[in-house]
$ cat query36.cif   # mmCIF, C-alpha atoms
data_structure
loop_
_atom_site.label_atom_id
_atom_site.label_comp_id
_atom_site.auth_asym_id
_atom_site.auth_seq_id
_atom_site.Cartn_x
_atom_site.Cartn_y
_atom_site.Cartn_z
CA MET W 1 -30.01 -19.86 10.27
CA GLN W 2 -29.61 -17.14 12.85
CA ASP W 3 -28.07 -18.13 16.17
CA LEU W 4 -30.96 -17.16 18.43
CA GLN W 5 -28.89 -17.64 21.55
CA LYS W 6 -26.68 -14.68 20.78
CA PRO W 7 -27.58 -10.98 20.85
CA MET W 8 -26.91 -9.19 17.58
CA ILE W 9 -24.80 -6.42 16.14
CA LEU W 10 -26.57 -5.19 13.01
CA ALA W 11 -24.04 -3.66 10.62
CA ILE W 12 -25.43 -1.37 7.92
CA THR W 13 -23.35 -1.10 4.76
CA ASP W 14 -23.43 1.03 1.63
CA GLY W 15 -21.10 -1.43 -0.12
CA ARG W 16 -18.11 0.90 -0.20
CA PRO W 17 -14.86 -0.78 0.93
CA GLY W 18 -13.57 2.32 2.75
CA HIS W 19 -16.74 2.46 4.83
CA GLU W 20 -16.99 -1.28 5.36
CA THR W 21 -13.48 -1.43 6.83
CA GLN W 22 -14.51 1.08 9.51
CA THR W 23 -17.72 -0.82 10.22
CA GLN W 24 -15.74 -4.04 10.62
CA GLY W 25 -13.41 -2.29 13.04
CA ILE W 26 -16.27 -1.10 15.24
CA CYS W 27 -17.80 -4.59 15.21
CA THR W 28 -14.45 -6.04 16.32
CA ILE W 29 -14.34 -3.65 19.28
CA LEU W 30 -17.87 -4.50 20.39
CA ASN W 31 -17.47 -8.22 19.77
CA ARG W 32 -14.09 -8.80 21.41
CA ASP W 33 -15.48 -11.70 23.48
CA GLN W 34 -17.44 -13.14 20.54
CA LYS W 35 -20.63 -12.55 22.49
CA TYR W 36 -22.55 -11.25 19.49
CA LEU W 37 -23.81 -12.48 16.18
CA VAL W 38 -22.86 -9.92 13.49
CA GLU W 39 -25.35 -9.50 10.65
CA TYR W 40 -24.85 -7.18 7.66
CA ILE W 41 -27.64 -5.41 5.82
CA LYS W 42 -27.16 -3.24 2.73
CA ILE W 43 -29.01 -0.01 2.07
CA LYS W 44 -30.69 0.74 -1.24
CA THR W 45 -29.13 3.16 -3.67
CA ILE W 46 -31.39 6.22 -3.76
CA SER W 47 -31.14 9.57 -5.50
CA LYS W 48 -29.77 12.64 -3.77
CA PHE W 49 -33.16 14.31 -4.17
CA LYS W 50 -34.98 11.43 -2.48
CA LYS W 51 -32.38 11.40 0.29
CA LYS W 52 -32.96 15.12 0.92
CA ILE W 53 -36.71 14.55 1.11
CA LEU W 54 -36.26 11.69 3.59
CA MET W 55 -33.84 13.74 5.69
CA TRP W 56 -36.29 16.66 5.71
CA GLY W 57 -39.19 14.40 6.70
CA PHE W 58 -37.27 12.36 9.27
CA LYS W 59 -39.38 13.68 12.15
CA PHE W 60 -42.69 13.53 10.29
CA PHE W 61 -42.83 10.51 7.98
CA SER W 62 -43.88 7.05 9.11
CA LYS W 63 -40.76 5.20 10.22
CA SER W 64 -42.07 1.90 8.83
CA TRP W 65 -42.61 3.55 5.45
CA MET W 66 -39.17 5.16 5.54
CA LEU W 67 -37.53 1.81 6.31
CA GLY W 68 -38.98 0.45 3.08
CA GLN W 69 -37.47 3.36 1.14
CA ILE W 70 -33.97 2.70 2.47
CA PHE W 71 -33.84 -1.08 3.00
CA ASP W 72 -35.11 -4.16 1.23
CA LEU W 73 -37.52 -5.23 3.97
CA ASP W 74 -37.23 -8.89 2.90
CA GLU W 75 -33.80 -8.88 4.55
CA PHE W 76 -35.48 -8.46 7.93
CA GLU W 77 -37.87 -11.41 7.48
CA ASP W 78 -35.64 -14.07 9.06
CA MET W 79 -34.04 -11.67 11.51
CA ASP W 80 -34.89 -11.63 15.20
CA ILE W 81 -34.94 -7.87 15.62
CA ASP W 82 -35.58 -8.22 19.35
CA SER W 83 -32.01 -9.49 19.69
CA ILE W 84 -30.40 -6.37 18.16
CA GLU W 85 -28.22 -4.64 20.76
CA TYR W 86 -26.09 -2.46 18.47
CA ILE W 87 -26.59 -0.74 15.13
CA VAL W 88 -23.25 0.03 13.47
CA SER W 89 -22.28 1.78 10.25
CA ALA W 90 -19.81 4.14 8.58
CA GLY W 91 -20.07 6.73 5.84
CA GLY W 92 -22.48 9.55 5.15
CA ASP W 93 -24.86 7.45 3.05
CA THR W 94 -25.68 5.34 6.13
CA LEU W 95 -26.48 8.29 8.41
CA LEU W 96 -30.21 8.29 7.79
CA ALA W 97 -30.50 4.50 7.79
CA ASN W 98 -28.65 4.20 11.09
CA ALA W 99 -30.67 6.89 12.87
CA LEU W 100 -33.96 5.67 11.39
CA LEU W 101 -33.42 2.07 12.49
CA LYS W 102 -32.60 3.27 16.02
CA VAL W 103 -35.87 5.23 16.21
CA TYR W 104 -37.90 2.38 14.75
CA LEU W 105 -36.48 -0.22 17.13
CA SER W 106 -37.12 2.09 20.05
CA SER W 107 -40.76 2.38 18.95
CA VAL W 108 -41.14 -1.41 19.21
CA ASP W 109 -39.35 -1.54 22.58
CA VAL W 110 -35.96 -2.74 21.33
CA PRO W 111 -33.42 -0.50 23.12
CA ALA W 112 -30.56 -0.83 20.63
CA LYS W 113 -27.54 1.50 20.82
CA ASN W 114 -26.36 3.02 17.56
CA ILE W 115 -22.81 3.89 16.53
CA ILE W 116 -21.52 5.53 13.37
CA ALA W 117 -18.19 6.66 11.97
CA THR W 118 -18.60 9.72 9.74
CA SER W 119 -19.19 13.45 9.74
CA LEU W 120 -22.86 14.14 10.45
CA ARG W 121 -23.71 16.34 7.43
CA GLY W 122 -26.63 18.05 9.08
CA MET W 123 -27.97 15.09 11.05
CA PRO W 124 -28.34 15.93 14.75
CA ALA W 125 -25.72 14.36 17.00
CA SER W 126 -28.54 13.38 19.36
CA ALA W 127 -29.65 10.77 16.78
CA PHE W 128 -26.64 8.61 17.73
CA ASP W 129 -25.28 7.10 20.92
CA ALA W 130 -21.68 7.27 19.69
CA VAL W 131 -20.02 8.96 16.71
CA PHE W 132 -16.40 8.10 15.89
CA THR W 133 -14.51 11.08 14.52
CA ILE W 134 -10.95 12.03 13.64
CA ASP W 135 -11.84 15.72 14.05
CA GLU W 136 -9.89 16.89 17.10
CA ASN W 137 -12.32 19.82 17.52
CA LYS W 138 -14.98 17.30 18.59
CA ALA W 139 -12.87 15.84 21.42
CA GLY W 140 -14.76 15.71 24.72
CA GLN W 141 -18.14 16.48 23.10
CA SER W 142 -20.65 13.67 23.60
CA PRO W 143 -21.65 11.62 21.64
CA PHE W 144 -18.43 12.11 19.66
CA ILE W 145 -15.53 9.75 20.26
CA TYR W 146 -12.37 11.41 19.01
CA TYR W 147 -9.36 9.32 18.02
CA PRO W 148 -6.63 10.20 15.47
CA ILE W 149 -7.33 7.11 13.36
CA ALA W 150 -10.69 5.55 12.65
CA PRO W 151 -11.50 1.94 13.56
CA ASN W 152 -10.84 -0.38 10.63
CA LYS W 153 -10.77 -4.04 9.62
CA LEU W 154 -7.11 -4.59 10.67
CA LEU W 155 -7.99 -3.74 14.27
CA SER W 156 -7.29 -6.81 16.38
CA PHE W 157 -7.05 -7.98 19.97
CA ASN W 158 -4.96 -11.01 18.89
CA LEU W 159 -2.06 -9.52 16.95
CA ASP W 160 0.44 -12.30 17.79
CA LYS W 161 -2.02 -14.97 16.66
CA ASP W 162 -2.85 -13.02 13.50
CA GLU W 163 0.85 -12.70 12.66
CA GLN W 164 1.47 -16.41 13.18
CA GLY W 165 -1.52 -17.33 11.03
CA ALA W 166 -0.47 -14.98 8.23
CA ARG W 167 3.08 -16.34 8.23
CA GLN W 168 1.79 -19.88 7.98
CA LYS W 169 -0.32 -18.95 4.96
CA LEU W 170 2.73 -17.35 3.32
CA ASN W 171 5.05 -20.26 4.26
CA LEU W 172 7.27 -18.03 6.37
CA LYS W 173 9.24 -19.09 9.42
CA SER W 174 8.61 -17.22 12.65
CA GLY W 175 12.13 -15.74 12.73
CA THR W 176 12.22 -14.53 9.12
CA GLY W 177 12.48 -10.77 8.63
CA VAL W 178 9.57 -9.59 6.50
CA TRP W 179 9.01 -6.25 4.78
CA SER W 180 5.60 -5.60 3.22
CA VAL W 181 5.51 -2.79 0.67
CA LEU W 182 2.07 -1.46 -0.30
CA ILE W 183 1.89 0.59 -3.50
CA GLY W 184 -1.13 2.53 -4.70
CA ALA W 185 -1.13 5.09 -7.49
CA ASP W 186 -1.07 8.79 -8.31
CA SER W 187 -4.29 10.76 -7.92
CA HIS W 188 -5.18 14.23 -9.18
CA ASP W 189 -3.44 15.95 -6.24
CA VAL W 190 -1.12 13.28 -4.79
CA SER W 191 1.93 11.81 -6.50
CA ILE W 192 3.62 8.67 -5.10
CA GLY W 193 6.85 9.16 -7.07
CA SER W 194 8.02 7.58 -10.32
CA VAL W 195 8.34 3.85 -10.90
CA GLU W 196 12.09 4.45 -11.27
CA ASP W 197 12.16 5.87 -7.73
CA TRP W 198 10.40 2.81 -6.41
CA ILE W 199 12.63 0.36 -8.27
CA ILE W 200 15.83 1.99 -7.00
CA MET W 201 14.51 1.95 -3.44
CA LEU W 202 13.35 -1.66 -3.59
CA GLU W 203 16.55 -2.88 -5.22
CA ASN W 204 18.63 -1.20 -2.50
CA LEU W 205 16.52 -2.76 0.22
CA ALA W 206 16.59 -6.23 -1.33
CA GLN W 207 20.37 -6.05 -1.65
CA ASN W 208 21.11 -4.50 1.74
CA PHE W 209 18.77 -6.83 3.63
CA SER W 210 19.27 -9.95 1.57
CA ALA W 211 18.34 -12.28 4.47
CA ASP W 212 14.87 -10.73 4.67
CA GLU W 213 11.82 -11.40 2.51
CA PHE W 214 10.08 -8.56 0.64
CA PHE W 215 6.43 -8.71 -0.36
CA ILE W 216 5.50 -5.92 -2.77
CA SER W 217 1.80 -5.48 -3.38
CA THR W 218 0.18 -3.16 -5.87
CA SER W 219 -3.49 -2.10 -5.83
CA ARG W 220 -6.39 -2.04 -8.23
CA ARG W 221 -5.43 1.55 -9.08
CA THR W 222 -1.78 0.86 -9.89
CA PRO W 223 -1.14 1.30 -13.65
CA LYS W 224 -0.22 -1.88 -15.49
CA LEU W 225 2.88 -0.22 -16.95
CA PHE W 226 4.03 0.52 -13.39
CA GLU W 227 3.49 -3.13 -12.44
CA GLN W 228 5.29 -4.38 -15.53
CA ALA W 229 8.31 -2.18 -14.82
CA LEU W 230 8.52 -3.56 -11.28
CA LYS W 231 8.30 -7.09 -12.62
CA ASN W 232 10.94 -6.59 -15.31
CA VAL W 233 13.57 -5.47 -12.80
CA LEU W 234 12.68 -7.13 -9.49
CA LYS W 235 12.01 -10.65 -10.74
CA GLN W 236 15.76 -11.32 -10.51
CA TYR W 237 15.71 -11.11 -6.71
CA LYS W 238 14.89 -14.36 -4.93
CA ASN W 239 13.85 -12.52 -1.76
CA VAL W 240 11.35 -10.29 -3.58
CA HIS W 241 7.77 -11.51 -4.02
CA LEU W 242 5.55 -9.45 -6.30
CA ILE W 243 1.82 -9.38 -5.59
CA LEU W 244 0.53 -7.72 -8.76
CA VAL W 245 -3.19 -7.09 -8.50
CA GLY W 246 -3.36 -6.10 -12.16
CA GLU W 247 -2.23 -9.62 -13.08
CA GLY W 248 -4.95 -11.21 -10.98
CA ASP W 249 -2.94 -12.04 -7.86
CA LYS W 250 -5.45 -12.36 -5.03
CA THR W 251 -3.10 -12.84 -2.09
CA PRO W 252 -4.92 -11.06 0.78
CA VAL W 253 -3.13 -7.82 1.60
CA LYS W 254 -4.08 -8.23 5.25
CA ASP W 255 -1.90 -11.38 5.40
CA LEU W 256 1.06 -9.41 4.05
CA MET W 257 0.46 -6.74 6.68
CA TYR W 258 -0.02 -9.09 9.63
CA ALA W 259 3.07 -11.11 8.61
CA ALA W 260 5.36 -8.09 8.28
CA ASN W 261 8.01 -6.80 10.65
CA ILE W 262 8.11 -3.51 8.73
CA ILE W 263 5.49 -1.93 6.47
CA ILE W 264 6.24 0.62 3.74
CA CYS W 265 3.27 2.48 2.25
CA SER W 266 2.93 4.77 -0.71
CA PRO W 267 1.47 8.09 0.50
CA ASP W 268 -1.73 8.13 -1.56
CA SER W 269 -4.04 6.29 0.86
CA THR W 270 -4.51 7.40 4.45
CA SER W 271 -6.88 4.43 4.88
CA MET W 272 -4.05 2.03 4.06
CA VAL W 273 -1.77 3.82 6.50
CA SER W 274 -4.43 3.82 9.23
CA GLU W 275 -4.90 0.07 8.77
CA SER W 276 -1.14 -0.44 9.02
CA LEU W 277 -1.00 1.57 12.23
CA MET W 278 -3.35 -0.90 13.93
CA LEU W 279 -0.66 -3.59 13.86
CA GLN W 280 1.96 -2.16 16.27
CA LYS W 281 4.65 -2.32 13.60
CA PRO W 282 7.01 0.29 12.16
CA VAL W 283 5.17 2.10 9.35
CA LEU W 284 7.30 3.96 6.82
CA ILE W 285 5.83 6.33 4.24
CA ALA W 286 7.82 6.33 1.01
CA HIS W 287 8.82 9.88 0.13
CA PHE W 288 10.84 10.72 -2.99
CA ALA W 289 11.90 13.98 -4.62
CA GLY W 290 8.86 13.73 -6.90
CA THR W 291 6.36 12.93 -4.15
CA ARG W 292 3.56 15.48 -3.94
CA LEU W 293 0.87 15.71 -1.25
CA ASN W 294 -2.13 17.97 -0.88
CA SER W 295 -2.72 19.95 2.32
CA GLU W 296 -5.11 17.34 3.79
CA PHE W 297 -2.55 14.56 3.40
CA GLU W 298 0.27 16.75 4.73
CA LYS W 299 -1.80 17.50 7.84
CA TYR W 300 -2.61 13.81 8.36
CA TYR W 301 1.02 12.70 8.05
CA ALA W 302 2.37 15.57 10.16
CA ASP W 303 0.02 14.56 12.98
CA LYS W 304 1.01 10.87 12.86
CA LYS W 305 4.70 11.75 12.57
CA ASN W 306 4.49 14.05 15.60
CA ARG W 307 2.94 11.21 17.58
CA GLY W 308 5.87 8.94 16.65
CA TRP W 309 3.59 6.53 14.80
CA ILE W 310 5.13 6.88 11.32
CA LYS W 311 8.41 7.91 9.71
CA PHE W 312 9.03 9.10 6.19
CA TYR W 313 11.26 6.77 4.22
CA SER W 314 13.83 8.69 2.22
CA PRO W 315 16.27 6.34 0.41
CA GLU W 316 19.08 8.90 0.69
CA HIS W 317 18.80 9.20 4.47
CA PHE W 318 17.49 5.83 5.63
CA ASP W 319 19.04 4.36 8.77
CA ILE W 320 17.64 1.11 10.14
CA GLN W 321 18.15 2.52 13.64
CA ILE W 322 15.11 4.76 13.19
CA LEU W 323 13.03 1.68 13.96
CA ASN W 324 13.97 2.25 17.59
CA ASP W 325 12.30 5.67 17.55
CA PHE W 326 8.72 4.56 16.93
CA LYS W 327 6.03 4.86 19.57
CA TYR W 328 3.63 1.94 19.48
CA GLU W 329 0.04 2.21 20.66
CA TYR W 330 -2.35 -0.69 21.11
CA HIS W 331 -5.08 1.15 19.22
CA ALA W 332 -7.67 -1.60 19.66
CA ILE W 333 -7.46 -1.26 23.44
CA LYS W 334 -7.52 2.55 23.27
CA LEU W 335 -10.63 2.55 21.09
CA GLU W 336 -12.34 -0.03 23.28
CA GLU W 337 -11.69 2.10 26.36
CA LEU W 338 -13.11 5.18 24.64
CA ILE W 339 -16.34 3.51 23.57
CA LYS W 340 -16.83 2.00 27.03
CA ALA W 341 -16.32 5.43 28.60
CA GLN W 342 -18.87 6.94 26.20
CA PHE W 343 -21.52 4.39 27.11
CA GLU W 344 -20.81 4.52 30.83
CA SER W 345 -20.97 8.31 30.94
CA ASN W 346 -24.42 8.19 29.35
CA ASN W 347 -25.63 5.16 31.32
CA LEU W 348 -26.07 3.14 28.14
#

$ encode --input "query36.cif" --output "structure tokens"
Amino acid sequence: MQDLQKPMILAITDGRPGHETQTQGICTILNRDQKYLVEYIKIKTISKFKKKILMWGFKFFSKSWMLGQIFDLDEFEDMDIDSIEYIVSAGGDTLLANALLKVYLSSVDVPAKNIIATSLRGMPASAFDAVFTIDENKAGQSPFIYYPIAPNKLLSFNLDKDEQGARQKLNLKSGTGVWSVLIGADSHDVSIGSVEDWIIMLENLAQNFSADEFFISTSRRTPKLFEQALKNVLKQYKNVHLILVGEGDKTPVKDLMYAANIIICSPDSTSMVSESLMLQKPVLIAHFAGTRLNSEFEKYYADKKNRGWIKFYSPEHFDIQILNDFKYEYHAIKLEELIKAQFESNNL
């Protein structure tokens, strides 16, 4: 049953994990004081043709009719729409739904503010009260809120508490040194290096920092042969803990990240890196002779490296002293300040 005593953040989702993590991040910013009830509602899957028709007719079609094309209206039956203060979403497929719901609520005298994280793809910026973007060209242009990394689900205002909780779940003492290594997979234009590269690196680390604990997590995309090779070699090390997703291990990756002192990421997922950056920890990007990045990834990493937020990990040139060279930002606070400034400047 809905908590009628709390105002609501209505989060629209298209079901895609990459978009949902950004939506969760925005909700965390808005709900820092736990003032709001957060409700999720999923959009329907519609054809590209139908979406184009709805986009074209946005100004002309009945908003009530359009809502029924995009949402299952039964989901609104037990919802007190008068309590909605924010509409939040991420991803291009939620653009129309977000803007439409804002207009509809306004027509029934519910002055909800709407926020989205995506490129607008032809939708007018005026349809939104705030648009999170990582496009530096949009900096200073209302309603855009520029920041080099998008809000995401690892964003937190209680990092010390989150770390303590994660360590308890993993049966780790507070003083134990913890490295969390997050491994994805090759894509058509990004190569993370060979499994032999990874094994050599991880063996060297496990041997050189034998008092520390190493949690090595693969992803759903990591090939099973890659996982098996890691297991065959690294199972001999007592301080190495393999979290092999392909073998059904469901240890939450967020616990590994919160618990870590140092995070090493493969370079194939900027989302994973952006989530790691939320934690005010050293983030190292594994980079081998066989690592290959496309221009988009190179630009992303160059920007974060120039800011002092990441370092490339090269086994041949690694010096633990580089951990002193990182610049740590409390990104949750920065993002909160930006969204407050956006609303205040527009008297929202």

$ resolve_selection --input "query36.cif" --expression "the PyMOL selection byres ((chain W and resi 291) around 8)" --output "ChimeraX atom specification"
/W:190-193,287-290,292-293

$ resolve_selection --input "query36.cif" --expression "the PyMOL selection byres ((chain W and resi 214) around 7)" --output "ChimeraX atom specification"
/W:178-180,212-213,215-216,239-241

$ resolve_selection --input "query36.cif" --expression "the PyMOL selection byres ((chain W and resi 138-146) around 12)" --output "MDAnalysis selection string"
chainID W and resid 26 113:120 124:137 147:151 334:346 348

$ write_last_selection --input "query36.cif" --atoms "C-alpha atoms" --output "PDB file, keeping the file's coordinate frame"
ATOM      1  CA  ILE W  26     -16.270  -1.100  15.240  1.00  0.00           C
ATOM      2  CA  LYS W 113     -27.540   1.500  20.820  1.00  0.00           C
ATOM      3  CA  ASN W 114     -26.360   3.020  17.560  1.00  0.00           C
ATOM      4  CA  ILE W 115     -22.810   3.890  16.530  1.00  0.00           C
ATOM      5  CA  ILE W 116     -21.520   5.530  13.370  1.00  0.00           C
ATOM      6  CA  ALA W 117     -18.190   6.660  11.970  1.00  0.00           C
ATOM      7  CA  THR W 118     -18.600   9.720   9.740  1.00  0.00           C
ATOM      8  CA  SER W 119     -19.190  13.450   9.740  1.00  0.00           C
ATOM      9  CA  LEU W 120     -22.860  14.140  10.450  1.00  0.00           C
ATOM     10  CA  PRO W 124     -28.340  15.930  14.750  1.00  0.00           C
ATOM     11  CA  ALA W 125     -25.720  14.360  17.000  1.00  0.00           C
ATOM     12  CA  SER W 126     -28.540  13.380  19.360  1.00  0.00           C
ATOM     13  CA  ALA W 127     -29.650  10.770  16.780  1.00  0.00           C
ATOM     14  CA  PHE W 128     -26.640   8.610  17.730  1.00  0.00           C
ATOM     15  CA  ASP W 129     -25.280   7.100  20.920  1.00  0.00           C
ATOM     16  CA  ALA W 130     -21.680   7.270  19.690  1.00  0.00           C
ATOM     17  CA  VAL W 131     -20.020   8.960  16.710  1.00  0.00           C
ATOM     18  CA  PHE W 132     -16.400   8.100  15.890  1.00  0.00           C
ATOM     19  CA  THR W 133     -14.510  11.080  14.520  1.00  0.00           C
ATOM     20  CA  ILE W 134     -10.950  12.030  13.640  1.00  0.00           C
ATOM     21  CA  ASP W 135     -11.840  15.720  14.050  1.00  0.00           C
ATOM     22  CA  GLU W 136      -9.890  16.890  17.100  1.00  0.00           C
ATOM     23  CA  ASN W 137     -12.320  19.820  17.520  1.00  0.00           C
ATOM     24  CA  TYR W 147      -9.360   9.320  18.020  1.00  0.00           C
ATOM     25  CA  PRO W 148      -6.630  10.200  15.470  1.00  0.00           C
ATOM     26  CA  ILE W 149      -7.330   7.110  13.360  1.00  0.00           C
ATOM     27  CA  ALA W 150     -10.690   5.550  12.650  1.00  0.00           C
ATOM     28  CA  PRO W 151     -11.500   1.940  13.560  1.00  0.00           C
ATOM     29  CA  LYS W 334      -7.520   2.550  23.270  1.00  0.00           C
ATOM     30  CA  LEU W 335     -10.630   2.550  21.090  1.00  0.00           C
ATOM     31  CA  GLU W 336     -12.340  -0.030  23.280  1.00  0.00           C
ATOM     32  CA  GLU W 337     -11.690   2.100  26.360  1.00  0.00           C
ATOM     33  CA  LEU W 338     -13.110   5.180  24.640  1.00  0.00           C
ATOM     34  CA  ILE W 339     -16.340   3.510  23.570  1.00  0.00           C
ATOM     35  CA  LYS W 340     -16.830   2.000  27.030  1.00  0.00           C
ATOM     36  CA  ALA W 341     -16.320   5.430  28.600  1.00  0.00           C
ATOM     37  CA  GLN W 342     -18.870   6.940  26.200  1.00  0.00           C
ATOM     38  CA  PHE W 343     -21.520   4.390  27.110  1.00  0.00           C
ATOM     39  CA  GLU W 344     -20.810   4.520  30.830  1.00  0.00           C
ATOM     40  CA  SER W 345     -20.970   8.310  30.940  1.00  0.00           C
ATOM     41  CA  ASN W 346     -24.420   8.190  29.350  1.00  0.00           C
ATOM     42  CA  LEU W 348     -26.070   3.140  28.140  1.00  0.00           C
TER      43      LEU W 348
END

$ closest_residue --input "query36.cif" --among "W:Cys27, W:Ile322, W:Val273, W:Ile84" --to "W:Val110" --atoms "all atoms listed in the file"
W:Ile84

$ residues_near_point --input "query36.cif" --point "(-10.8, -3.1, 8.7)" --cutoff "10 Å" --atoms "only C-alpha atoms" --output "VMD selection string"
chain W and resid 17 to 28 150 to 156 254 271 to 272 274 to 275 278

$ atom_distance --input "query36.cif" --atom1 "atom CA of W:Ile263" --atom2 "atom CA of W:Leu284"
6.2 Å

$ atom_distance --input "query36.cif" --atom1 "atom CA of W:Phe326" --atom2 "atom CA of W:Ile262"
11.5 Å

$ atom_distance --input "query36.cif" --atom1 "atom CA of W:Tyr36" --atom2 "atom CA of W:Lys6"
5.5 Å

$ closest_residue --input "query36.cif" --among "W:Leu279, W:Ala260, W:Ala286, W:Met79" --to "W:Glu329" --atoms "all atoms listed in the file"
W:Leu279

$ closest_residue --input "query36.cif" --among "W:Leu105, W:Ile264, W:Leu323, W:Ala259" --to "W:Ser64" --atoms "only C-alpha atoms"
W:Leu105

$ closest_residue --input "query36.cif" --among "W:Phe76, W:Phe60, W:Tyr86, W:Trp65" --to "W:Leu10" --atoms "only C-alpha atoms"
W:Tyr86

$ closest_residue --input "query36.cif" --among "W:Leu225, W:Ile12, W:Ala97, W:Val233" --to "W:Glu203" --atoms "all atoms listed in the file"
W:Val233

$ closest_residue --input "query36.cif" --among "W:Ile320, W:Ile243, W:Ala332, W:Ile310" --to "W:Asn31" --atoms "all atoms listed in the file"
W:Ala332
